[in-house]
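What follows is a single structure, written as structure tokens, with notes after it.
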Amino acid sequence: MRADDVSTVSPPTAVSAPSAGRVEPSVPAPHAPPAWDHESVLAETELELRRAAKTFLRRKVPTAPLLRKKPATAGRVAFDSFEATGLEGWMIGSNLCLLSDGGWVPYVAGRSQKLDRPRTGMFADAGTKKAAAEWDALKDAGVAPGARYIAIEPEHANYLDVCRHPRRGELFKVREIAGLPHLVFPYDRGQGSHEDVLRDDLHRWTADYLA
């Protein structure tokens with residue numbers, strides 16, 4: 001071993017060494033952040049959503065097409081026409097669509113179309129004509145009578161690819177419920193602010209789909 005390989009640091013002297021009998025002042029530890037953060041909770045929730053999508057496909061739970069609403073008029077009657085997006089999935093809660101590829105689309109409304117074709121006579125009112133026009137628009141978009149469909153409003157169509165956006169987590173809040181962090185999805189449909197807990201919705205609707 002060469003001489004320059006040996007450390008030249010000398011042991012502490014009696015002056016610099018702390019005294020064994022003296023109590024050193026305690027330094028308050030910095031506030032420890034929680035073991036979770038917004039990104040990790042989002043990643044965990046998205047993993048649950050992908051697992052649910054695989055389970056639905058394996059159990060052959062039928063998907064519903066995701067349609068984009070488009071305002072239209074026929075004469076004096078204003079109604080909703082629909083445009084196919086090429087996406088299919090299932091509703092999770094009342095605001096989130098889980099896509100068959102494991103992605104998701106927020107701010108959507110799902111329902112079942114089970115109405116008979118509305119009768120349109122010479123003296124039909126505007127409401128009847130509106131229902132008939134929307135019925136025809138749904139059939140033109142590929143929805144069969146009695147089948148399920150999911151529709152997204154025109155003002156929310158920019159959320160169709162939000163699951164692939166790096167800032168997608170900004171749509172959610174993180175709230176601690178029963179000691180565990182949960183993603184909370186705030187929304188407002190004109191009747192005040194509401195919040196959905198994504199994990200609770202996922203578990204509840206998964207049980208309904210697989211019942």
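Residues in the structure tokens are numbered from 1 in each chain, the chains being A, B, ... in the order shown, and ligands are numbered from 1 in the order shown.
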Near Val105 (chain A), within 12 Å and counting only C-alpha atoms, which residues show up once chain neighbours fewer than 5 positions away are dropped, as a PyMOL selection string?
-> chain A and resi 46+49+66-68+85+87-100+110+150-153+156-165+168+171
Quick one: everything within 10 Å of Val174 (chain A), counting only C-alpha atoms, minus sequence neighbours fewer than 2 positions away in the same chain. Send it as a ChimeraX atom specification.
-> /A:36-39,41-42,169,172,176-177,180-185,197
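Computed from the coordinates, the CA of Ala109 (chain A) to CA of Lys60 (chain A) distance equals 22.3 Å.
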Determine the nearest neighbour of Phe56 (chain A) from the options A:Glu170, A:Glu44, A:Glu83, A:Asp101, counting only C-alpha atoms.
->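 Closest to Phe56 (chain A), using only C-alpha atoms: A:Asp101.
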Nearest residue to Trp205 (chain A) from the set A:Lys130, A:Ala52, A:Pro154, A:Tyr187 (distances using only C-alpha atoms) =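 Smallest separation from Trp205 (chain A) among the options: A:Ala52.
Reported to one decimal place, the separation of CA of Arg148 (chain A) from CA of Thr128 (chain A) is 21.4 Å.
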Strand (DSSP E or B) call set, DSSP backbone run, region 17-208 of chain A, as an NGL selection string = :A and (64-74 or 77-92 or 96-99 or 104-106 or 108-112 or 148-152 or 173-177 or 180-188 or 193-197)
Separation of CA of Phe82 (chain A) and CA of Glu134 (chain A), in Å?
-> 8.2 Å
List every residue of region 143-205 of chain A that DSSP, applied to the backbone, labels as alpha helix (DSSP H), and write the result as a PyMOL selection string.
-> chain A and resi 198-205
